[in-house]
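Chemist: The structure under discussion is supplied below as structure tokens; questions concerning it will follow.
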Amino acid sequence: MILPELLVEQENALLEKTLRGDVEAFGELIRLYERPIFNLCYRMLGDGAEAEDAAQEAFIRAYSNLASYDRARSFKTWVFSIASNHCIDRLRKRRLTLLSIDEPLPPHPALVSDQPDPEQQILEAERSALIQKLLNQLAPDYRVAVVLRYWYDLSYQEMSEMLETTESAVKSRLFRARQALVELLEDSEAQMILQPLLAS
Amino acid sequence: MSRLEQDPMRKKYNHLDDEATQVDDAVESRLQAGQRLAAPADNTRHEEDSQSAVDASLERFQQVDHLMKTAPIVASPRGFADRVIGLLKKQAQIYPNYSEGTGIILGLAAAALVIIPVLGTALFLTTQAIVNQSLRVSLIHEASHVIEAVATWVQNPSISLPIAMLMVVAMLPFTALSGYLFWFFNGLAKAGSASSEQA
């Protein structure tokens, strides 16, 4: 996860301002990272309102603990770490809910495409629902590994730092998560949804 | 161009896409090993079955990779950043930029500086007064002198300027301590009510 130099400089300047008490400067940092953080929370929690709440909490925690932030680390990785750990905590606290394949999750409103093709929109919504459904069936530790790897292309090392574990543990979790996803995709109904998506 | 491809976050990390889509090392080596083992004996039915099982497994892994790789990034709700900034500003008002730990230490130190000498002197004098009757009498006598001096100063303040200055100097640490304690407990009370509101 390499940030362009300009972005790093901008980020450092904003962090300096924030540490001097400028809340608006932190607001700029929120604007830079709100989308990936919200997406992470949404993919982890599978619910728009809860994801917003979790993303908000992650930014507030980041702001409150900014003095303890190690500047040698990437700010984005640090915020991701806060958000993913917070989501894992939420998932562990949440009561286990069983989801039926007959009742796919409705897509998040932000996923409603602005593309004019309605067929494409339906496919997009179906794919999103299927992905979320698959993710929801993974254990929190596996889910976070999948989200961080596929959506954010984080390296094993970055993921291990974020999740406070070893690289081999991350690899193992990712492998098991993918195995679980493969098994879930064996489901004939999932295949019925998946095939047209893959064909498109 | 798909919506995913248009996404700035995905664009930024496009160079990592290839890496992300690759089958994990462990899976890849496992699958390749399966293919290599199955390849030399294509004519037996058992090995054909193994080969097709490996192919199917590989295909499933590729499906998962494809599905996840092309998953859209969900946009944050409108006004999300503004709402968080609003909350942070509100929080900054509740906690008026002080460190709670440092505040407690400074407050206790200031209180100790004022209270310990006063209490120590009072304790010493009280103990002495209990065991020594003549000292008790002289203390009461001295106290009456002090009260008399204050009364005289109140009646005619202009002639007792040094006493007034002394009183002002003596008042300063008490005023500072009282102000600090008011500010600290006021902050704690606000923080407590805010957390109960959140709950």
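In the structure tokens, chains take the letters A, B, ... in the order shown, each chain's residues start at 1, and ligands count up from 1 in the order shown.
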At most 6 Å is the cut-off: for each residue in chain B with any atom that close to an atom of chain A, write down the nearest atom pair and the distance in Å rounded to one decimal, counting only C-alpha atoms, chain first then increasing number, as JSON lines.
Modeler:
{"residue": "B:Ala20", "atom": "CA", "partner": "A:Asp153", "partner_atom": "CA", "distance": 5.9}
{"residue": "B:Arg60", "atom": "CA", "partner": "A:Val182", "partner_atom": "CA", "distance": 5.7}
{"residue": "B:Lys69", "atom": "CA", "partner": "A:Tyr150", "partner_atom": "CA", "distance": 5.6}
{"residue": "B:Ile73", "atom": "CA", "partner": "A:Asn39", "partner_atom": "CA", "distance": 5.9}
{"residue": "B:Val74", "atom": "CA", "partner": "A:Asn39", "partner_atom": "CA", "distance": 5.0}
{"residue": "B:Ala75", "atom": "CA", "partner": "A:Arg35", "partner_atom": "CA", "distance": 5.5}
{"residue": "B:Ser76", "atom": "CA", "partner": "A:Arg35", "partner_atom": "CA", "distance": 5.1}
{"residue": "B:Ala81", "atom": "CA", "partner": "A:Arg31", "partner_atom": "CA", "distance": 5.8}
{"residue": "B:Ile85", "atom": "CA", "partner": "A:Gly27", "partner_atom": "CA", "distance": 5.8}
Chemist: Give the alpha helix (DSSP H) residues of region 61-111 of chain B, as DSSP finds them on the backbone, and put them as a ChimeraX atom specification.
Modeler: /B:61-69,80-94,100-111
Chemist: So how far away is CA of Ala180 (chain A) from CA of Gln63 (chain B), in Å?
Modeler: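 A separation of 12.8 Å between them.
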Chemist: Mind pulling up the distance from CA of Thr152 (chain B) to CA of Val137 (chain B)?
Modeler: 22.5 Å
Chemist: Here is a test: counting only C-alpha atoms, which residue of B:Pro117, B:Trp153, B:Leu135, B:Leu106 is nearest to Leu177 (chain B)?
Modeler: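 Selected residue with least distance to Leu177 (chain B): B:Leu106.
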